[in-house]
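Okay, so here's the structure we're looking at.
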Amino acid sequence: MSESREAIFSRIRGALQPLHDRAPYPEYPDNVATLAGAGAAADLWTAFKVRTQLVNGLAFDNVAALVDWLREKKHLRGYCDPALWAEIGGSFGDDFHVERVFDRSQIDTYQFGITHAAGALAETGSVILKDATTASRLAALAPWVHIAVLKREQIFPDVAAAVRSLGSDPNVIWCTGPSKTADVEGILIQGVHGPGVQITVLA
Amino acid sequence: MKYQQIDQYAAKISQEKRAAVYDGSKSGYDSRLKALFTQYQNPDDLRRLAGRIKQHTIENLDTYLPQVEARMQANGVKVHWATDGEAACREVLAIMQARQARKIVKAKTMVSEEIELTPFLEKNGMECLETDLGEFIVQIGHDHPSHIVKPIIHKNRREIATLFEKNGLGDYNDEPEVITRRARQYLRQKYLEADIGLTGANFVSAESGRIVLVTNEGNSRFCLAATKVHIALIGIEKILPRDRDLAVFLNLLARSGTGQQLTVYTEFIQGPRSAAQPDGPEEMHVIFVDNGRTDVLASDCREILRCIRCGACLNVCPVYRQASGHAYRSVYPGPVGAVLSPLLAGKKFPELADLPKASSLCGACNEVCPVNIPIPDLLLRLRDRGKQEGSEAAAAGMPPMGGYAILASQPAAWKTALALGGIANHVPTPLLPQAAKTWVETRGLPPWRGGKFRAWMKNHRKTS
Ligand code: SF4
C-alpha cells in the first residue's frame with residue numbers, strides 16, 4: 001500500500017517539476033458567490049421560509065401549526081427524538097402514536113420522524129442536520145415526512161457563513177427541500193429514497 | 001469512405017433516442033442559464049475564479065495531498081492509495097474481506113465506473129448494488145450511463161417499465177411516479193441488508209479533510225445511515241485547498257449541472273459516526289485513485305483535471321446532442337470525455353484518438369464550464385498528438401490533403417487553381433477530387449467563388 005503511495009507521489013512530483021511558476025491561490029472575498037441581499041434580511045426566519053418554499057419545503061411557525069397539518073394529512077404514527085419529545089410532546093394529542101426509539105426493522109411503519117435541526121440557511125432554504133443533534137440518522141431519513149425542529153437564533157444568512165460554522169462534526173447535512181429525482185424523462189418526482197416532505201418548525 | 005466511429009454511431013441511433021438526448025440536454029442547458037444569469041450579475045467572473053482555484057490546486061497537489069491525508073488520518077479515516085483501476089478494486093475487496101462483508105450499496109460515483117468496480121466485485125462473489133435511480137436502471141438493464149449527471153438520459157419510460165417488469169419489480173407501469181416508488185421500496189431493504197456503503201466525493205477540503213457529497217435523491221445518505229463501513233473512492237484531483245472554497249464550488253456546481261441553487265443534499269463527511277450516534281459507519285476508508293491522472297498532470301492538457309463533473313459541457317454540445325453519450329465509447333462522454341477519455345486511456349490513446357475530433361470547436365463547452373476549462377484548445381492539442389502518433393482511429397474520415405498542401409505552398413500554382421476552380425461548379429460529384437467528394441457526401445458544396453478576395457483586395461488598394 002505504501003508502495004502505491006510512493007509511486008503516485010513520485011509521479012506527481014515528476015509531473016510538476018517542470019512547472020516554473022505555479023498558479024497562485026487567488027484572493028477573493030468570502031461572499032463572492034452569495035446572492036445579492038441574501039445576508040441583509042432583517043428577519044432570517046421569514047427569508048428562510050420564502051426560500052424553502054421555493055424548493056417545495058414546508059415551514060411552520062410553531063408546533064401547534066405542525067400538529068394541525070399532521071392531523072389533516074392523517075400522519076399519526078411516527079418517531080420523535082426523546083429529548084425533543086419532552087419539550088414538544090405536550091402539543092400532540094392522544095390520537096398520535098409517537099415512538100422514541102427508532103426500530104430499523106420497522107422503517108416503513110413510521111410516517112414521520114422528528115429530530116433537531118442544528119441550524120438553517122436563509123439564502124437557500126436549507127435545514128442543517130448534524131450527528132451531534134440528530135438522535136438517529138435513519139429516523140431523519142427513512143419516514144415519508146421529516147420534521148426538523150429549529151431555534152430562531154440558529155439561522156445562518158448564507159452559504160459562506162454556514163461553511164465557516166461546519167465545526168468538527170463528522171456528518172453535517174444540508175437538506176434543501178424534499179428528496180427528488182428527474183431521472184425518468186426529466187419529470188420531477190419527490191420522495192425517492194429520502195423524505196417526500198421536508199418540514200422545518202420553529203420551537 | 002470510412003466515417004469516424006462517432007459519426008457511424010450517431011447515424012444509427014433511433015429518432016426516439018436522439019430526441020430523448022436532445023431534449024434532456026437542452027433542458028439542462030436552459031435551467032443552467034436561468035439559474036446563473038438571473039441570480040448573478042457576473043457569473044463569468046465566478047467561473048474564472050473557480051478555474052483559478054482549481055488550477056492552483058492541481059499545480060500544488062504535491063502539497064495538498066499529503067496535507068489532506070494527514071487531516072483524514074487525524075479525523076479517524078483510513079487512507080489508501082491506488083495507482084490504477086485494478087489496484088483500487090483490490091483495495092475495496094481487501095476491506096470487504098477484512099470485515100467479512102459481502103454486500104455493498106453504492107451511491108453514484110464516476111470513478112467506480114471508470115475502474116469497473118462492480119464487475120470485479122461480482123467476479124469475486126460479492127454483491128454491489130447501484131442505488132441512484134438512474135444508475136440502478138442502468139445496472140438492471142446491463143447498460144452503461146450515457147451522461148455524467150443524468151445516466152439514463154437516453155432511455156424513455158416505456159423501456160424502463162419493461163425492465164422493471166422483467167426484473168420482478170411489479171407489473172408493467174410506465175408512470176414515472178410508480179417507477180420511483182417501486183425503486184424506493186425495493187432499495188430500502190437493500191440498504192438495511194448491506195455491509196458497506198460506497199460513495200465517491202465531489203470535493204475534498206485539504207484544510208479539514210472533509211469530503212463533500214452532493215445528491216438529490218438521498219441515496220448516499222441512506223448508504224451512510226444503514227451500513228457499518230463507509231468506503232469513498234476519490235480521484236486525486238478532487239481536492240480544494242480550503243473549506244471556504246466549498247462555498248464557491250457548491251454554488252457553481254448545482255447551478256451549472258442541474259440549474260439548482262444547491263442540490264437537495266449536501267453532505268460534509270469528516271469521519272466515522274460520532275460515539276452517541278446509533279446509525280452509520282463505525283469505520284471510514286478513503287481510497288485515492290490515480291488511474292492515469294498523474295499522466296494527465298504531466299501532459300499539456302492538465303487543465304482538464306479542474307473538471308468538477310457538472311455535465312454542462314455535455315448539455316450544450318451540438319455533437320453530444322446528436323450523437324448521444326454512448327457514441328464516445330468511454331465512461332466520460334461529451335466534450336469533457338473527448339479530452340479526458342483518450343488521456344486516461346494511457347497506452348490505448350490511439351484507440352480513442354478520434355474523440356478529440358468529434359467537435360466543431362464552437363467553444364460553447366468552454367463558455368459554460370464552471371471551472372473555465374479551455375476545452376477547444378485541449379482538443380486541438382490532442383488532435384495534434386493523434387496525428388503525431390499516427391492513430392488510425394483519428395485518421396478515419398480525413399480526406400487526403402496532399403494535393404492541397406502542394407497548391408497552398410506555391411503561389412503560382414495557387415493562382416492557376418483559383419482561375420480554373422470555377423469548373424468545379426459544373427463537375428458532377430463522382431468526378432470531383434477525393435477531398436471535395438468527402439465534403440459533399442454529407443453536405444452541399446458552395447458555388448465556387450475563387451479569386452474574389454484577390455480582386456477585392458486589388459480594388460481596395462486602388463481606392464484607399
Ligand atoms: S469540463 Fe467543465 S463543463 Fe464539462 S463536466 Fe467538467 S466542469 Fe462541467
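Every chain in the C-alpha cells has a letter given in the order shown (A, B, ...), and although residue numbers restart at 1 in each chain, ligands are simply numbered from 1 in the order shown.
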
Quick one: which residues from chain B are at most 7 Å off chain A, using only C-alpha atoms, as a compact mmCIF listing (two decimals) with all heavy atoms, in the first residue's frame?
```txt
# COMPACT_ATOMS: atom_id res chain seq x y z
N GLY B 24 -33.33 16.25 -23.24
CA GLY B 24 -32.74 16.20 -21.90
C GLY B 24 -31.58 17.16 -21.76
O GLY B 24 -31.47 17.88 -20.76
N GLN B 39 -29.46 35.04 -11.31
CA GLN B 39 -29.09 35.17 -9.90
C GLN B 39 -27.78 35.91 -9.67
O GLN B 39 -27.54 36.44 -8.60
CB GLN B 39 -29.06 33.79 -9.25
CG GLN B 39 -30.45 33.15 -9.26
CD GLN B 39 -30.47 31.73 -8.72
OE1 GLN B 39 -29.46 31.21 -8.30
NE2 GLN B 39 -31.63 31.12 -8.72
N TYR B 40 -26.92 35.92 -10.68
CA TYR B 40 -25.64 36.61 -10.52
C TYR B 40 -25.49 37.69 -11.57
O TYR B 40 -25.90 37.51 -12.72
CB TYR B 40 -24.48 35.64 -10.65
CG TYR B 40 -24.34 34.69 -9.50
CD1 TYR B 40 -24.33 33.31 -9.71
CD2 TYR B 40 -24.22 35.16 -8.20
CE1 TYR B 40 -24.19 32.44 -8.65
CE2 TYR B 40 -24.08 34.28 -7.14
CZ TYR B 40 -24.07 32.93 -7.37
OH TYR B 40 -23.94 32.05 -6.33
N ARG B 52 -9.37 29.34 -11.47
CA ARG B 52 -8.04 29.67 -10.93
C ARG B 52 -7.79 28.91 -9.62
O ARG B 52 -6.67 28.46 -9.37
CB ARG B 52 -7.92 31.18 -10.72
CG ARG B 52 -7.66 31.91 -12.04
CD ARG B 52 -7.97 33.41 -11.97
NE ARG B 52 -7.18 34.08 -10.95
CZ ARG B 52 -7.59 35.16 -10.28
NH1 ARG B 52 -8.79 35.67 -10.51
NH2 ARG B 52 -6.81 35.72 -9.39
N ILE B 53 -8.83 28.75 -8.82
CA ILE B 53 -8.65 27.99 -7.57
C ILE B 53 -8.26 26.55 -7.90
O ILE B 53 -7.33 25.99 -7.32
CB ILE B 53 -9.94 28.01 -6.72
CG1 ILE B 53 -10.28 29.44 -6.28
CG2 ILE B 53 -9.79 27.09 -5.49
CD1 ILE B 53 -11.62 29.57 -5.57
N GLN B 55 -6.96 25.38 -10.74
CA GLN B 55 -5.66 25.30 -11.41
C GLN B 55 -4.54 25.35 -10.36
O GLN B 55 -3.59 24.58 -10.41
CB GLN B 55 -5.52 26.45 -12.43
CG GLN B 55 -4.28 26.35 -13.32
CD GLN B 55 -4.34 25.16 -14.28
OE1 GLN B 55 -5.42 24.65 -14.61
NE2 GLN B 55 -3.18 24.70 -14.73
N HIS B 56 -4.71 26.27 -9.41
CA HIS B 56 -3.74 26.35 -8.31
C HIS B 56 -3.63 25.00 -7.58
O HIS B 56 -2.54 24.54 -7.29
CB HIS B 56 -4.17 27.45 -7.33
CG HIS B 56 -3.52 27.34 -5.99
ND1 HIS B 56 -2.23 27.75 -5.75
CD2 HIS B 56 -3.98 26.83 -4.82
CE1 HIS B 56 -1.91 27.50 -4.48
NE2 HIS B 56 -2.95 26.94 -3.90
N GLU B 59 -1.86 22.23 -9.56
CA GLU B 59 -0.42 22.50 -9.70
C GLU B 59 0.29 22.39 -8.36
O GLU B 59 1.51 22.56 -8.29
CB GLU B 59 -0.21 23.89 -10.33
CG GLU B 59 -0.61 23.91 -11.79
CD GLU B 59 -0.29 25.22 -12.49
OE1 GLU B 59 0.44 26.05 -11.94
OE2 GLU B 59 -0.81 25.41 -13.62
N ASP B 62 1.24 18.17 -4.89
CA ASP B 62 2.31 17.60 -4.05
C ASP B 62 2.27 18.17 -2.63
O ASP B 62 2.78 17.56 -1.70
CB ASP B 62 3.69 17.82 -4.70
CG ASP B 62 3.92 19.27 -5.11
OD1 ASP B 62 2.96 20.07 -5.10
OD2 ASP B 62 5.07 19.61 -5.44
N HIS B 80 -6.07 5.02 1.78
CA HIS B 80 -5.40 4.07 0.90
C HIS B 80 -5.07 4.76 -0.42
O HIS B 80 -5.73 5.72 -0.79
CB HIS B 80 -6.30 2.87 0.59
CG HIS B 80 -6.96 2.26 1.80
ND1 HIS B 80 -6.58 1.06 2.34
CD2 HIS B 80 -7.99 2.70 2.57
CE1 HIS B 80 -7.34 0.77 3.38
NE2 HIS B 80 -8.20 1.77 3.54
N TRP B 81 -4.08 4.22 -1.12
CA TRP B 81 -3.69 4.80 -2.41
C TRP B 81 -3.72 3.71 -3.47
O TRP B 81 -3.26 2.60 -3.23
CB TRP B 81 -2.28 5.40 -2.33
CG TRP B 81 -2.20 6.50 -1.31
CD1 TRP B 81 -1.92 6.35 0.02
CD2 TRP B 81 -2.44 7.89 -1.52
NE1 TRP B 81 -1.97 7.57 0.65
CE2 TRP B 81 -2.28 8.54 -0.27
CE3 TRP B 81 -2.77 8.66 -2.65
CZ2 TRP B 81 -2.45 9.92 -0.12
CZ3 TRP B 81 -2.93 10.03 -2.50
CH2 TRP B 81 -2.77 10.65 -1.24
N ALA B 82 -4.24 4.04 -4.65
CA ALA B 82 -4.31 3.05 -5.72
C ALA B 82 -3.76 3.66 -7.01
O ALA B 82 -4.26 4.68 -7.48
CB ALA B 82 -5.74 2.59 -5.93
N THR B 83 -2.72 3.03 -7.57
CA THR B 83 -2.10 3.58 -8.78
C THR B 83 -2.99 3.42 -10.00
O THR B 83 -2.99 4.25 -10.88
CB THR B 83 -0.76 2.88 -9.08
OG1 THR B 83 -0.99 1.47 -9.00
CG2 THR B 83 0.30 3.28 -8.08
N LEU B 133 -31.33 6.19 -8.70
CA LEU B 133 -32.38 5.61 -9.55
C LEU B 133 -31.89 5.36 -10.98
O LEU B 133 -32.07 4.26 -11.52
CB LEU B 133 -33.62 6.53 -9.56
CG LEU B 133 -34.78 6.05 -10.44
CD1 LEU B 133 -35.29 4.69 -10.02
CD2 LEU B 133 -35.93 7.08 -10.40
N GLY B 134 -31.26 6.35 -11.56
CA GLY B 134 -30.77 6.20 -12.93
C GLY B 134 -29.74 5.09 -13.05
O GLY B 134 -29.79 4.25 -13.94
N LYS B 150 -27.03 12.76 -15.71
CA LYS B 150 -28.30 12.08 -15.98
C LYS B 150 -28.00 10.78 -16.71
O LYS B 150 -28.02 10.72 -17.94
CB LYS B 150 -29.17 12.95 -16.89
CG LYS B 150 -29.39 14.36 -16.37
CD LYS B 150 -30.09 15.18 -17.45
CE LYS B 150 -30.41 16.58 -16.96
NZ LYS B 150 -30.98 17.42 -18.02
N ILE B 152 -29.48 8.04 -17.43
CA ILE B 152 -30.38 7.37 -18.37
C ILE B 152 -31.09 8.38 -19.26
O ILE B 152 -32.23 8.19 -19.66
CB ILE B 152 -31.41 6.47 -17.66
CG1 ILE B 152 -32.13 7.25 -16.55
CG2 ILE B 152 -30.76 5.22 -17.12
CD1 ILE B 152 -33.38 6.56 -16.06
N ASN B 156 -36.39 6.05 -22.40
CA ASN B 156 -37.70 6.59 -22.12
C ASN B 156 -38.43 5.69 -21.13
O ASN B 156 -37.99 4.60 -20.78
CB ASN B 156 -38.52 6.81 -23.40
CG ASN B 156 -38.75 5.50 -24.14
OD1 ASN B 156 -38.97 4.45 -23.52
ND2 ASN B 156 -38.70 5.55 -25.46
N ARG B 157 -39.58 6.17 -20.66
CA ARG B 157 -40.28 5.48 -19.56
C ARG B 157 -40.74 4.08 -19.96
O ARG B 157 -40.81 3.19 -19.11
CB ARG B 157 -41.47 6.31 -19.11
CG ARG B 157 -42.47 6.60 -20.22
CD ARG B 157 -43.70 7.27 -19.68
NE ARG B 157 -43.52 8.71 -19.54
CZ ARG B 157 -44.41 9.52 -18.99
NH1 ARG B 157 -45.51 9.01 -18.48
NH2 ARG B 157 -44.21 10.81 -18.92
N PRO B 176 -43.77 7.64 -14.22
CA PRO B 176 -42.52 7.92 -13.50
C PRO B 176 -42.68 7.83 -11.98
O PRO B 176 -41.79 7.36 -11.28
CB PRO B 176 -42.18 9.35 -13.92
CG PRO B 176 -42.82 9.50 -15.27
CD PRO B 176 -44.05 8.65 -15.25
N GLU B 177 -43.84 8.23 -11.48
CA GLU B 177 -44.04 8.18 -10.02
C GLU B 177 -44.09 6.73 -9.52
O GLU B 177 -43.48 6.41 -8.50
CB GLU B 177 -45.33 8.92 -9.65
CG GLU B 177 -45.67 8.77 -8.18
CD GLU B 177 -46.28 10.01 -7.57
OE1 GLU B 177 -46.73 10.89 -8.32
OE2 GLU B 177 -46.29 10.08 -6.32
N THR B 180 -40.61 5.27 -9.58
CA THR B 180 -39.80 5.77 -8.47
C THR B 180 -40.18 5.11 -7.14
O THR B 180 -39.32 4.71 -6.36
CB THR B 180 -39.96 7.30 -8.35
OG1 THR B 180 -39.75 7.88 -9.64
CG2 THR B 180 -38.97 7.89 -7.38
N ARG B 181 -41.48 4.96 -6.88
CA ARG B 181 -41.92 4.34 -5.63
C ARG B 181 -41.48 2.90 -5.53
O ARG B 181 -41.13 2.40 -4.46
CB ARG B 181 -43.45 4.39 -5.51
CG ARG B 181 -44.05 5.76 -5.39
CD ARG B 181 -43.76 6.42 -4.04
NE ARG B 181 -44.12 7.83 -4.15
CZ ARG B 181 -43.28 8.81 -4.46
NH1 ARG B 181 -41.98 8.55 -4.65
NH2 ARG B 181 -43.68 10.04 -4.60
N ARG B 184 -37.93 2.84 -4.63
CA ARG B 184 -37.80 3.22 -3.21
C ARG B 184 -38.02 2.01 -2.32
O ARG B 184 -37.22 1.70 -1.44
CB ARG B 184 -38.82 4.32 -2.90
CG ARG B 184 -38.87 4.75 -1.43
CD ARG B 184 -39.99 5.78 -1.19
NE ARG B 184 -40.17 6.08 0.22
CZ ARG B 184 -39.67 7.15 0.84
NH1 ARG B 184 -38.97 8.03 0.17
NH2 ARG B 184 -39.89 7.33 2.12
N ASN B 216 -29.37 14.41 -4.99
CA ASN B 216 -30.75 14.88 -4.90
C ASN B 216 -31.69 13.85 -4.30
O ASN B 216 -32.71 14.17 -3.72
CB ASN B 216 -31.28 15.25 -6.29
CG ASN B 216 -30.87 16.66 -6.68
OD1 ASN B 216 -30.90 17.56 -5.86
ND2 ASN B 216 -30.50 16.83 -7.93
N GLU B 217 -31.35 12.57 -4.46
CA GLU B 217 -32.31 11.52 -4.12
C GLU B 217 -32.23 11.11 -2.66
O GLU B 217 -33.20 10.58 -2.12
CB GLU B 217 -32.06 10.29 -5.00
CG GLU B 217 -32.25 10.58 -6.47
CD GLU B 217 -32.06 9.34 -7.33
OE1 GLU B 217 -31.79 8.25 -6.77
OE2 GLU B 217 -32.19 9.46 -8.55
N GLY B 218 -31.06 11.30 -2.04
CA GLY B 218 -30.90 10.86 -0.65
C GLY B 218 -30.34 9.46 -0.55
O GLY B 218 -30.24 8.90 0.54
N ASN B 219 -29.93 8.87 -1.67
CA ASN B 219 -29.39 7.50 -1.60
C ASN B 219 -28.05 7.45 -0.90
O ASN B 219 -27.78 6.51 -0.15
CB ASN B 219 -29.30 6.87 -3.00
CG ASN B 219 -28.54 7.73 -3.98
OD1 ASN B 219 -28.65 8.95 -3.98
ND2 ASN B 219 -27.75 7.10 -4.83
N ALA B 225 -26.33 5.76 6.47
CA ALA B 225 -27.14 5.66 7.69
C ALA B 225 -27.38 4.19 8.03
O ALA B 225 -27.57 3.83 9.19
CB ALA B 225 -28.48 6.38 7.52
N ASP B 243 -11.79 25.14 3.24
CA ASP B 243 -13.24 24.98 3.40
C ASP B 243 -13.99 26.12 2.71
O ASP B 243 -15.04 25.92 2.12
CB ASP B 243 -13.62 24.94 4.88
CG ASP B 243 -13.43 23.55 5.48
OD1 ASP B 243 -12.84 22.70 4.80
OD2 ASP B 243 -13.88 23.33 6.62
N ARG B 244 -13.46 27.33 2.81
CA ARG B 244 -14.18 28.47 2.24
C ARG B 244 -14.39 28.31 0.73
O ARG B 244 -15.36 28.82 0.17
CB ARG B 244 -13.47 29.79 2.55
CG ARG B 244 -12.16 29.96 1.79
CD ARG B 244 -11.33 31.11 2.34
NE ARG B 244 -11.90 32.42 2.11
CZ ARG B 244 -11.50 33.26 1.14
NH1 ARG B 244 -10.54 32.89 0.31
NH2 ARG B 244 -12.04 34.44 1.01
N ALA B 247 -17.84 27.00 -0.57
CA ALA B 247 -18.98 27.88 -0.81
C ALA B 247 -19.05 28.27 -2.28
O ALA B 247 -20.11 28.28 -2.90
CB ALA B 247 -18.90 29.11 0.09
N VAL B 248 -17.90 28.59 -2.86
CA VAL B 248 -17.85 28.96 -4.28
C VAL B 248 -18.28 27.78 -5.15
O VAL B 248 -19.12 27.90 -6.04
CB VAL B 248 -16.43 29.40 -4.69
CG1 VAL B 248 -16.36 29.70 -6.18
CG2 VAL B 248 -15.98 30.60 -3.85
N ASN B 251 -22.02 26.50 -4.86
CA ASN B 251 -22.92 27.40 -5.58
C ASN B 251 -22.85 27.20 -7.09
O ASN B 251 -23.86 27.25 -7.79
CB ASN B 251 -22.58 28.86 -5.24
CG ASN B 251 -23.31 29.34 -3.99
OD1 ASN B 251 -24.53 29.26 -3.92
ND2 ASN B 251 -22.57 29.82 -3.01
N GLN B 261 -30.08 25.89 -7.08
CA GLN B 261 -29.21 26.75 -6.28
C GLN B 261 -28.24 25.87 -5.48
O GLN B 261 -27.04 26.13 -5.43
CB GLN B 261 -30.08 27.59 -5.35
CG GLN B 261 -29.34 28.72 -4.67
CD GLN B 261 -30.26 29.53 -3.78
OE1 GLN B 261 -31.46 29.28 -3.69
NE2 GLN B 261 -29.69 30.52 -3.12
N THR B 263 -27.94 21.39 -4.61
CA THR B 263 -28.64 20.12 -4.73
C THR B 263 -29.38 19.85 -3.42
O THR B 263 -29.13 20.51 -2.42
CB THR B 263 -27.64 18.96 -4.99
OG1 THR B 263 -26.59 19.10 -4.06
CG2 THR B 263 -27.11 19.00 -6.39
N VAL B 264 -30.30 18.90 -3.43
CA VAL B 264 -31.12 18.69 -2.23
C VAL B 264 -30.25 18.34 -1.02
O VAL B 264 -30.40 18.91 0.05
CB VAL B 264 -32.19 17.60 -2.47
CG1 VAL B 264 -32.96 17.33 -1.18
CG2 VAL B 264 -33.14 18.02 -3.58
N TYR B 265 -29.34 17.40 -1.19
CA TYR B 265 -28.49 17.04 -0.07
C TYR B 265 -27.04 17.40 -0.34
O TYR B 265 -26.48 17.01 -1.36
CB TYR B 265 -28.60 15.53 0.23
CG TYR B 265 -30.01 15.14 0.57
CD1 TYR B 265 -30.74 14.28 -0.23
CD2 TYR B 265 -30.65 15.70 1.68
CE1 TYR B 265 -32.05 13.95 0.06
CE2 TYR B 265 -31.96 15.39 1.98
CZ TYR B 265 -32.65 14.52 1.17
OH TYR B 265 -33.95 14.21 1.47
N THR B 266 -26.48 18.17 0.57
CA THR B 266 -25.05 18.46 0.56
C THR B 266 -24.52 17.86 1.85
O THR B 266 -24.90 18.29 2.93
CB THR B 266 -24.81 19.98 0.53
OG1 THR B 266 -25.59 20.56 -0.52
CG2 THR B 266 -23.35 20.28 0.30
N GLU B 267 -23.69 16.82 1.71
CA GLU B 267 -23.20 16.12 2.90
C GLU B 267 -21.72 16.41 3.09
O GLU B 267 -20.93 16.27 2.17
CB GLU B 267 -23.40 14.61 2.73
CG GLU B 267 -24.86 14.21 2.61
CD GLU B 267 -25.00 12.77 2.14
OE1 GLU B 267 -24.63 11.87 2.90
OE2 GLU B 267 -25.45 12.56 1.01
N PHE B 268 -21.37 16.81 4.31
CA PHE B 268 -19.98 17.08 4.66
C PHE B 268 -19.54 15.96 5.62
O PHE B 268 -20.01 15.90 6.75
CB PHE B 268 -19.85 18.42 5.36
CG PHE B 268 -20.38 19.58 4.56
CD1 PHE B 268 -21.73 19.93 4.60
CD2 PHE B 268 -19.53 20.34 3.77
CE1 PHE B 268 -22.21 21.00 3.87
CE2 PHE B 268 -20.01 21.43 3.04
CZ PHE B 268 -21.36 21.76 3.09
N ILE B 269 -18.66 15.10 5.16
CA ILE B 269 -18.32 13.93 5.95
C ILE B 269 -16.86 13.97 6.36
O ILE B 269 -15.97 14.12 5.53
CB ILE B 269 -18.62 12.65 5.16
CG1 ILE B 269 -20.12 12.63 4.87
CG2 ILE B 269 -18.22 11.41 5.95
CD1 ILE B 269 -20.47 11.93 3.61
N GLN B 270 -16.66 13.85 7.67
CA GLN B 270 -15.30 14.04 8.18
C GLN B 270 -14.77 12.81 8.90
O GLN B 270 -13.69 12.88 9.47
CB GLN B 270 -15.31 15.24 9.12
CG GLN B 270 -14.03 16.04 9.09
CD GLN B 270 -14.09 17.23 10.01
OE1 GLN B 270 -15.02 17.40 10.78
NE2 GLN B 270 -13.08 18.07 9.93
N GLY B 271 -15.53 11.74 8.88
CA GLY B 271 -15.03 10.55 9.58
C GLY B 271 -16.16 9.61 9.90
O GLY B 271 -17.29 9.81 9.47
N PRO B 272 -15.86 8.55 10.70
CA PRO B 272 -16.92 7.64 11.12
C PRO B 272 -17.94 8.37 11.99
O PRO B 272 -17.67 9.47 12.46
CB PRO B 272 -16.17 6.59 11.95
CG PRO B 272 -14.72 6.82 11.73
CD PRO B 272 -14.55 8.22 11.26
N ARG B 273 -19.10 7.77 12.20
CA ARG B 273 -20.15 8.40 13.00
C ARG B 273 -19.63 8.77 14.40
O ARG B 273 -18.69 8.16 14.89
CB ARG B 273 -21.33 7.46 13.12
CG ARG B 273 -20.99 6.26 13.98
CD ARG B 273 -22.23 5.48 14.37
NE ARG B 273 -21.86 4.44 15.31
CZ ARG B 273 -22.19 3.17 15.17
NH1 ARG B 273 -22.89 2.76 14.13
NH2 ARG B 273 -21.82 2.30 16.08
N SER B 274 -20.30 9.74 15.01
CA SER B 274 -19.87 10.12 16.36
C SER B 274 -20.37 9.07 17.37
O SER B 274 -21.31 8.32 17.10
CB SER B 274 -20.38 11.50 16.72
OG SER B 274 -21.75 11.61 16.44
N GLN B 277 -24.10 8.50 18.14
CA GLN B 277 -25.00 8.26 17.00
C GLN B 277 -25.22 6.76 16.81
O GLN B 277 -24.25 6.01 16.64
CB GLN B 277 -24.38 8.89 15.74
CG GLN B 277 -25.13 8.65 14.46
CD GLN B 277 -26.55 9.16 14.50
OE1 GLN B 277 -27.48 8.37 14.39
NE2 GLN B 277 -26.72 10.46 14.70
N PRO B 278 -26.49 6.29 16.84
CA PRO B 278 -26.72 4.85 16.69
C PRO B 278 -26.55 4.35 15.25
O PRO B 278 -26.27 3.16 15.06
CB PRO B 278 -28.18 4.67 17.12
CG PRO B 278 -28.82 6.00 16.86
CD PRO B 278 -27.74 7.03 17.09
N ASP B 279 -26.74 5.21 14.26
CA ASP B 279 -26.73 4.74 12.87
C ASP B 279 -25.47 5.21 12.13
O ASP B 279 -24.99 6.30 12.37
CB ASP B 279 -27.94 5.29 12.10
CG ASP B 279 -29.24 5.06 12.85
OD1 ASP B 279 -29.37 3.98 13.46
OD2 ASP B 279 -30.09 5.96 12.83
N ASP B 290 -5.36 7.11 -8.66
CA ASP B 290 -4.61 7.81 -9.72
C ASP B 290 -5.19 7.40 -11.08
O ASP B 290 -5.86 8.20 -11.75
CB ASP B 290 -3.12 7.46 -9.61
CG ASP B 290 -2.27 8.10 -10.71
OD1 ASP B 290 -2.85 8.63 -11.67
OD2 ASP B 290 -1.02 8.06 -10.63
N THR B 294 -2.04 11.13 -13.01
CA THR B 294 -0.71 11.75 -12.96
C THR B 294 -0.14 11.92 -14.37
O THR B 294 0.62 12.85 -14.61
CB THR B 294 0.26 10.91 -12.09
OG1 THR B 294 0.13 9.54 -12.44
CG2 THR B 294 -0.05 11.08 -10.61
N LEU B 297 -1.62 15.05 -15.54
CA LEU B 297 -0.94 16.15 -14.86
C LEU B 297 0.38 16.48 -15.55
O LEU B 297 0.79 17.63 -15.62
CB LEU B 297 -0.70 15.78 -13.39
CG LEU B 297 -0.21 16.88 -12.46
CD1 LEU B 297 -1.26 17.98 -12.32
CD2 LEU B 297 0.13 16.31 -11.08
N ALA B 298 1.03 15.44 -16.07
CA ALA B 298 2.32 15.66 -16.72
C ALA B 298 2.15 16.15 -18.16
O ALA B 298 3.11 16.61 -18.78
CB ALA B 298 3.12 14.35 -16.72
```

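All residues, whether protein, DNA or RNA, that have an atom at most 7 Å from ligand 1 (counting only C-alpha atoms and all ligand atoms) are Ile304, Arg306, Cys307, Ile308, Arg309, Cys310, Gly311, Ala312, Cys313, Leu314, Pro335, Val336, Cys365, Val368, Cys369, Pro370, Val371, Asn372 and Ile373 of chain B.
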
So which residues touch stretch 87-99 of chain A within 6 Å, counting only C-alpha atoms, skipping near sequence neighbours fewer than 5 positions away, as an NGL selection string?
:A and (76-79)

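Taking atom CA of B:Asp295 as the reference point, atom CA of B:Leu382 is found at 13.8 Å.
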
Which neighbours of A:Ala47 fall inside 9 Å, counting only C-alpha atoms, when residues of the same chain fewer than 4 positions from it are skipped, and could you give them as a VMD selection string?
chain A and resid 38 41 to 43 51 to 52 122 to 123 125 157

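You will find atom CA of A:Cys80 at 22.8 Å from atom CA of B:Gln185.
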
Shell of 8 Å around A:Val201, only C-alpha atoms, local chain residues under 3 positions omitted, as an NGL selection string:
:A and (59-63 or 66 or 147-150)
